[in-house]
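A.B. asks: Just passing along the structure, written as structure tokens.
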Number of protein chains: 2
Amino acid sequence: MSVATVSRALNGSESVTARTRTHVCRVAERLHYVPISAARSLVTGRTQTIGALLPDLYGEFFSELIRGIDLAARAHGLHLLVSSSHGDADESASALSAMQGRVDGVLIMSPHVDAGFLRRHLAASLPAVLLDSGLREHRCAHVNIDNHGGACAMTRHLLACGHRSLAFIEGPAGNQDARERRRGFEETIAGRRGVSVRFLQGDYSEESGYRAGRALLAASKRPDAVFAANDMMAIGCLSAFNEAGLPVPDEIALAGFDDIPISRYMHPPLTTVRVPIAQFGHAALERIVAQIQSPGMSKSDVTTMACEVVVRASSGPRAGAVRGWRELHPTQT
Amino acid sequence: MSVATVSRALNGSESVTARTRTHVCRVAERLHYVPISAARSLVTGRTQTIGALLPDLYGEFFSELIRGIDLAARAHGLHLLVSSSHGDADESASALSAMQGRVDGVLIMSPHVDAGFLRRHLAASLPAVLLDSGLREHRCAHVNIDNHGGACAMTRHLLACGHRSLAFIEGPAGNQDARERRRGFEETIAGRRGVSVRFLQGDYSEESGYRAGRALLAASKRPDAVFAANDMMAIGCLSAFNEAGLPVPDEIALAGFDDIPISRYMHPPLTTVRVPIAQFGHAALERIVAQIQSPGMSKSDVTTMACEVVVRASSGPRAGAVRGWRELHPTQT
DNA sequence: TCGGCGAATGAAAACGTTTACATTCGGATT
DNA sequence: AATCCGAATGTAAACGTTTTCATTCGCCGA
């Protein structure tokens with residue numbers, strides 16, 4: 001019994017007798033034989049592994065993202081190598097290098113990647129998909145979230161509710177999502193008569209939202225509605241309003257972005273933009289699998305995931321009652 | 001320039017001239033050379049990768065767990081291979097097999113593992129750490145959460161608040177954590193005079209908590225306090241009470257277990273047991289690294305992560321006001 | 001100048017697979 | 001019965017590293 005025959009038997013090659021195959025499998029089973037993947041990878045050039053380069057792992061966004069990626073990966077029989085917490089460009093670079101030669105493809109989501117970074121640290125031969133990067137790199141595919149469209153839709157909703165004096169709490173300065181969300185807001189407002197706007201700084205943290213809320217409370221003239229660039233800031237802002245006894249949405253409306261699970265539990269429940277996070281991860285993985293399977297295909301492909309406005313009580317125009325379980329979970333039951 | 005010299009230069013071996021090393025490094029840089037990890041693993045027998053076998057990826061618990069593991073892994077220069085969504089024992093088995101020969105050690109958290117499973121599917125040579133398994137397997141190390149201790153502490157807290165008629169919403173039947181939490185509750189109650197208890201079924205889902213809440217509302221005699229085996233059920237239960245207009249904690253107190261982030265945003269904020277999830281993951285990774293580095297060490301080691309009661313408004317004895325940001329985040333600011 | 005010594009480098013084996021190619025084997029056809 | 005053919009199996013190379021052992025090189029002391 002040669003190693004070749006064993007290899008063929010275990011890999012389900014055609015040219016091996018049924019008798020031989022069952023025998024080999026039985027013995028392999030008995031010995032708890034597991035192929036050393038390193039040896040296989042060395043000769044096949046495939047690792048059956050996809051790398052995911054994420055900026056962080058904190059919070060529900062990344063949890064959902066990984067879940068979506070994992071789901072699709074396991075459907076393709078692929079393993080998932082995660083790498084996160086990259087504080088700066090150097091860390092991202094070393095993480096990317098470490099993945100190189102260890103994965104068949106890589107999903108990249110990082111605020112530190114730009115065209116130069118990719119040219120320097122990403123081998124041309126390694127399939128890569130950029131997640132919501134805001135870049136337009138011909139070397140890799142892109143899967144984006146429609147931040148701009150979502151922000152437009154939410155702004156239209158706030159206007160439709162009758163709000164005319166709006167405040168926008170911005171995300172972190174360098175952040176691409178944050179920029180797009182602001183742009184959607186601005187563009188929707190632009191040209192509307194009788195609408196006043198005000199921008200407040202933020203950094204996506206709950207605390208920055210709280211500070212923005214305090215600033216609005218202290219202002220001489222309060223807006224009708226506040227649109228925060230993400231839910232965590234909206235939640236911080238809501239805390240400030242609740243603390244001050246300012247009723248939401250009766251006195252001031254509030255909206256966020258992301259639809260993190262906490263949002264629907266707030267008092268009042270938060271109107272927000274739902275980002276299909278798991279599908280986002282799923283789509284990214286499908287895209288990279290496609291690229292791996294047919295290397296000749298066009299690399300610079302862009303997929304955009306649509307967002308959806310989720311109207312809850314916080315956006316007004318009138319106050320919502322305390323919500324029960326059935327109202328919170330309309331799809332279940 | 002032989003491959004040997006290049007290998008030595010890149011790996012920082014002593015016996016290589018500074019001149020040679022810089023030259024090699026420069027050329028490697030220029031060519032974007034990245035070692036094929038498969039080849040290295042093949043000869044060294046190390047993959048520099050730790051596998052994490054998780055039952056699921058949904059929700060904040062696993063997000064935090066992965067974060068804790070990742071943090072520790074990256075501190076040791078190790079990669080993290082995650083595998084999840086194992087519906088049954090067979091899936092867990094195949095996932096474990098697939099990891100074998102691909103990782104240097106594996107962290108296992110799965111409801112499907114028991115002594116027989118490990119004997120059948122885990123190679124004796126592969127270092128493994130069982131996470132909160134409830135098993136006592138001499139073949140691997142254990143890192144557990146002190147579910148029993150946490151439940152005891154919470155029960156004592158509820159009694160100290162003056163509650164004497166208690167209800168306990170149980171977790172899923174086969175679940176080890178759930179069993180331990182119930183045991184802690186029961187043992188603390190046992191022997192106390194003038195305390196009445198009642199048990200309700202649940203399965204850790206929000207909906208099952210809601211159903212339990214409805215059942216309590218429909219009962220002829222309501223308890224003073226409800227202790228749910230996890231936060232999600234407590235939240236479902238709270239929805240039922242809110243929906244019925246039953247004020248918490250004035251008419252009925254409520255406590256959960258886990259301290260998921262949502263908990264402190266509930267109305268009233270939820271008294272619960274904080275599980276140090278990230279540290280839990282961190283400890284598990286440290287343990288497996290220790291085992292990998294010194295293979296001779298005792299394998300059957302048990303670490304237990306202590307839990308902590310977090311008292312918020314829901315447990316009474318009197319109603320909490322609406323909380324502002326500062327109260328919600330006492331450690332910040 | 002030669003021998004010797006240590007430091008630097010080179011040669012080659014080894015790791016465990018897959019796979020192209022060679023070989024054998026059994027049976028069917030002539 | 002000899003030949004041939006296809007199916008089954010065996011042989012060996014290749015994958016890209018690390019590492020042991022051998023070799024070379026430069027330098028110092030005799």
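Identifiers in this document derive from the order of the structure tokens: chains are assigned A, B, ..., residues are numbered from 1 separately in each chain, and ligands are numbered from 1 in order of occurrence.
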Could you please select, counting only C-alpha atoms (C1' of nucleotides), the residues of chain D within 10 Å of chain B and state them as number ranges by chain?
C.D. replies: D: 15-19
A.B. asks: With a distance threshold of 7 Å and counting only C-alpha atoms, extract the residues of chain B near chain A and express them as a PyMOL selection string.
C.D. replies: chain B and resi 34-39+41-42+57-60+63-64+67+80-82+97+100-102+236+239-240+242-243+262+265-266+323-325
A.B. asks: Kindly export the residues of the current selection with N, CA and C atoms, as an mmCIF file, in the first residue's frame.
C.D. replies:
```
data_model
loop_
_atom_site.group_PDB
_atom_site.id
_atom_site.type_symbol
_atom_site.label_atom_id
_atom_site.label_comp_id
_atom_site.auth_asym_id
_atom_site.auth_seq_id
_atom_site.Cartn_x
_atom_site.Cartn_y
_atom_site.Cartn_z
ATOM 1 N N VAL B 34 7.562 37.119 1.149
ATOM 2 C CA VAL B 34 6.916 36.673 2.382
ATOM 3 C C VAL B 34 7.060 35.161 2.450
ATOM 4 N N PRO B 35 7.604 34.642 3.551
ATOM 5 C CA PRO B 35 7.781 33.189 3.642
ATOM 6 C C PRO B 35 6.443 32.471 3.536
ATOM 7 N N ILE B 36 6.445 31.347 2.857
ATOM 8 C CA ILE B 36 5.259 30.496 2.797
ATOM 9 C C ILE B 36 5.175 29.771 4.129
ATOM 10 N N SER B 37 4.156 30.091 4.887
ATOM 11 C CA SER B 37 4.098 29.527 6.233
ATOM 12 C C SER B 37 3.922 28.022 6.210
ATOM 13 N N ALA B 38 3.293 27.516 5.154
ATOM 14 C CA ALA B 38 3.086 26.073 5.077
ATOM 15 C C ALA B 38 4.424 25.340 5.075
ATOM 16 N N ALA B 39 5.362 25.846 4.314
ATOM 17 C CA ALA B 39 6.666 25.198 4.233
ATOM 18 C C ALA B 39 7.366 25.247 5.586
ATOM 19 N N SER B 41 5.926 25.566 8.507
ATOM 20 C CA SER B 41 5.215 24.708 9.451
ATOM 21 C C SER B 41 5.597 23.252 9.241
ATOM 22 N N LEU B 42 5.742 22.899 8.002
ATOM 23 C CA LEU B 42 6.034 21.504 7.672
ATOM 24 C C LEU B 42 7.321 21.044 8.353
ATOM 25 N N LEU B 57 -21.625 32.359 16.901
ATOM 26 C CA LEU B 57 -20.955 33.655 16.889
ATOM 27 C C LEU B 57 -21.948 34.772 17.136
ATOM 28 N N TYR B 58 -23.176 34.378 17.413
ATOM 29 C CA TYR B 58 -24.196 35.396 17.521
ATOM 30 C C TYR B 58 -24.195 36.068 18.890
ATOM 31 N N GLY B 59 -24.203 37.385 18.871
ATOM 32 C CA GLY B 59 -24.361 38.121 20.121
ATOM 33 C C GLY B 59 -23.063 38.579 20.742
ATOM 34 N N GLU B 60 -23.233 39.338 21.767
ATOM 35 C CA GLU B 60 -22.095 40.031 22.347
ATOM 36 C C GLU B 60 -21.182 39.136 23.155
ATOM 37 N N SER B 63 -18.559 37.805 20.769
ATOM 38 C CA SER B 63 -17.765 38.925 20.305
ATOM 39 C C SER B 63 -16.695 39.275 21.338
ATOM 40 N N GLU B 64 -17.122 39.365 22.579
ATOM 41 C CA GLU B 64 -16.193 39.677 23.654
ATOM 42 C C GLU B 64 -15.183 38.555 23.860
ATOM 43 N N ARG B 67 -12.641 38.641 21.252
ATOM 44 C CA ARG B 67 -11.770 39.790 21.472
ATOM 45 C C ARG B 67 -10.710 39.471 22.528
ATOM 46 N N LEU B 80 -5.191 33.394 14.906
ATOM 47 C CA LEU B 80 -6.414 32.844 15.476
ATOM 48 C C LEU B 80 -7.323 32.319 14.376
ATOM 49 N N LEU B 81 -7.619 31.045 14.472
ATOM 50 C CA LEU B 81 -8.495 30.405 13.495
ATOM 51 C C LEU B 81 -9.823 30.135 14.182
ATOM 52 N N VAL B 82 -10.874 30.794 13.735
ATOM 53 C CA VAL B 82 -12.153 30.571 14.407
ATOM 54 C C VAL B 82 -13.053 29.657 13.601
ATOM 55 N N SER B 97 -11.665 18.038 13.607
ATOM 56 C CA SER B 97 -10.743 17.309 12.744
ATOM 57 C C SER B 97 -10.051 18.246 11.767
ATOM 58 N N GLN B 100 -7.294 20.034 13.432
ATOM 59 C CA GLN B 100 -6.166 19.172 13.752
ATOM 60 C C GLN B 100 -5.139 19.241 12.619
ATOM 61 N N GLY B 101 -3.905 19.406 12.962
ATOM 62 C CA GLY B 101 -2.899 19.475 11.930
ATOM 63 C C GLY B 101 -2.833 20.833 11.272
ATOM 64 N N ARG B 102 -3.600 21.769 11.803
ATOM 65 C CA ARG B 102 -3.628 23.110 11.242
ATOM 66 C C ARG B 102 -3.338 24.138 12.343
ATOM 67 N N GLY B 236 -36.563 39.782 28.170
ATOM 68 C CA GLY B 236 -37.864 39.340 27.680
ATOM 69 C C GLY B 236 -38.913 39.428 28.772
ATOM 70 N N SER B 239 -39.927 42.939 29.345
ATOM 71 C CA SER B 239 -40.865 43.388 28.313
ATOM 72 C C SER B 239 -42.286 42.992 28.686
ATOM 73 N N ALA B 240 -42.435 41.777 29.181
ATOM 74 C CA ALA B 240 -43.765 41.311 29.575
ATOM 75 C C ALA B 240 -44.318 42.181 30.695
ATOM 76 N N ASN B 242 -43.383 45.280 31.549
ATOM 77 C CA ASN B 242 -43.626 46.634 31.052
ATOM 78 C C ASN B 242 -44.929 46.682 30.266
ATOM 79 N N GLU B 243 -45.114 45.684 29.436
ATOM 80 C CA GLU B 243 -46.292 45.610 28.592
ATOM 81 C C GLU B 243 -47.557 45.575 29.453
ATOM 82 N N ILE B 262 -26.433 45.578 26.743
ATOM 83 C CA ILE B 262 -27.803 46.067 26.705
ATOM 84 C C ILE B 262 -28.366 46.274 28.104
ATOM 85 N N TYR B 265 -28.974 49.543 29.762
ATOM 86 C CA TYR B 265 -29.835 50.485 29.045
ATOM 87 C C TYR B 265 -31.305 50.175 29.227
ATOM 88 N N MET B 266 -31.623 49.101 29.895
ATOM 89 C CA MET B 266 -33.024 48.755 30.076
ATOM 90 C C MET B 266 -33.677 49.747 31.039
ATOM 91 N N ARG B 323 -31.722 57.024 34.309
ATOM 92 C CA ARG B 323 -30.289 57.193 34.467
ATOM 93 C C ARG B 323 -29.660 58.042 33.380
ATOM 94 N N GLY B 324 -28.762 58.885 33.775
ATOM 95 C CA GLY B 324 -28.018 59.690 32.813
ATOM 96 C C GLY B 324 -26.705 59.010 32.471
ATOM 97 N N TRP B 325 -25.975 59.628 31.589
ATOM 98 C CA TRP B 325 -24.757 59.017 31.102
ATOM 99 C C TRP B 325 -23.747 58.767 32.226
#
```
A.B. asks: Atom CA of B:Phe280 and atom CA of B:Ala306 are how many Å apart?
C.D. replies: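 Atom-to-atom, atom CA of B:Phe280 to atom CA of B:Ala306, that is 9.6 Å.
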A.B. asks: I'd like the interatomic distance between atom CA of B:Leu118 and atom CA of B:Leu130, to a tenth of an Å.
C.D. replies: 10.3 Å
A.B. asks: Can you work out the spacing between atom CA of A:Leu158 and atom CA of A:Gly213 in Å, to one decimal?
C.D. replies: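 Pair atom CA of A:Leu158 / atom CA of A:Gly213 returns 17.8 Å.
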A.B. asks: Kindly determine which residues of chain C lie within 9 Å of chain A, considering only C-alpha atoms (C1' of nucleotides), and give the answer as a ChimeraX atom specification.
C.D. replies: /C:15-19
A.B. asks: Find the residues around B:Ser196 up to 9 Å (only C-alpha atoms (C1' of nucleotides) counted), leave out those fewer than 3 positions away in its own chain, and share them as number ranges by chain.
C.D. replies: B: 164-167, 189, 193, 223
A.B. asks: Which residues come within 7 Å of stretch 8-13 of chain C, counting only C-alpha atoms (C1' of nucleotides), excluding same-chain residues fewer than 4 positions away, as a list in words?
C.D. replies: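 In the requested format, the answer is Ser2, Thr5, Ser15 and Val16 of chain B.
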A.B. asks: Give me, as an NGL selection string, the residues of stretch 53-191 of chain B that a backbone DSSP run labels helix (DSSP H, G or I).
C.D. replies: :B and (60-75 or 89-99 or 115-121 or 147-160 or 176-189)
A.B. asks: Just write the chosen residues, C-alpha atoms, as a tab-separated table (two decimals), in the first residue's frame.
C.D. replies:
```tsv
chain	number	residue	atom	x	y	z
B	60	GLU	CA	-22.09	40.03	22.35
B	61	PHE	CA	-20.87	37.16	24.44
B	62	PHE	CA	-18.88	35.60	21.62
B	63	SER	CA	-17.77	38.92	20.31
B	64	GLU	CA	-16.19	39.68	23.65
B	65	LEU	CA	-14.80	36.20	23.97
B	66	ILE	CA	-13.08	36.36	20.62
B	67	ARG	CA	-11.77	39.79	21.47
B	68	GLY	CA	-10.20	38.49	24.67
B	69	ILE	CA	-8.67	35.52	22.88
B	70	ASP	CA	-7.40	37.65	20.03
B	71	LEU	CA	-5.83	40.16	22.36
B	72	ALA	CA	-3.82	37.49	24.11
B	73	ALA	CA	-3.01	35.70	20.88
B	74	ARG	CA	-1.60	38.76	19.24
B	75	ALA	CA	0.50	39.42	22.33
B	89	ALA	CA	-21.88	16.72	17.55
B	90	ASP	CA	-20.98	15.58	14.03
B	91	GLU	CA	-20.39	19.11	12.88
B	92	SER	CA	-18.27	19.79	15.94
B	93	ALA	CA	-16.31	16.65	15.23
B	94	SER	CA	-15.58	17.56	11.65
B	95	ALA	CA	-14.64	21.08	12.66
B	96	LEU	CA	-12.26	19.72	15.25
B	97	SER	CA	-10.74	17.31	12.74
B	98	ALA	CA	-10.28	20.06	10.23
B	99	MET	CA	-8.37	22.05	12.81
B	115	ALA	CA	-15.44	12.68	27.51
B	116	GLY	CA	-16.31	10.26	24.72
B	117	PHE	CA	-16.27	12.96	22.09
B	118	LEU	CA	-12.80	14.05	23.11
B	119	ARG	CA	-11.47	10.52	23.19
B	120	ARG	CA	-12.77	9.92	19.69
B	121	HIS	CA	-11.89	13.17	17.99
B	147	ASN	CA	-21.65	30.35	37.39
B	148	HIS	CA	-22.43	28.73	40.68
B	149	GLY	CA	-20.70	31.40	42.72
B	150	GLY	CA	-22.30	34.18	40.71
B	151	ALA	CA	-25.76	32.72	41.15
B	152	CYS	CA	-25.18	32.35	44.89
B	153	ALA	CA	-24.07	35.95	45.17
B	154	MET	CA	-27.05	37.23	43.22
B	155	THR	CA	-29.47	35.16	45.26
B	156	ARG	CA	-27.95	36.54	48.46
B	157	HIS	CA	-28.36	40.03	47.05
B	158	LEU	CA	-32.04	39.45	46.31
B	159	LEU	CA	-32.60	38.09	49.80
B	160	ALA	CA	-30.73	41.05	51.26
B	176	GLN	CA	-23.96	23.20	31.88
B	177	ASP	CA	-23.93	26.91	32.73
B	178	ALA	CA	-27.66	26.86	33.20
B	179	ARG	CA	-27.42	23.91	35.55
B	180	GLU	CA	-24.74	25.58	37.64
B	181	ARG	CA	-26.66	28.81	37.87
B	182	ARG	CA	-29.74	27.00	39.06
B	183	ARG	CA	-27.70	25.04	41.54
B	184	GLY	CA	-26.24	28.23	43.00
B	185	PHE	CA	-29.72	29.66	43.39
B	186	GLU	CA	-31.12	26.52	44.99
B	187	GLU	CA	-28.27	26.02	47.39
B	188	THR	CA	-28.47	29.58	48.60
B	189	ILE	CA	-32.20	29.35	49.17
```
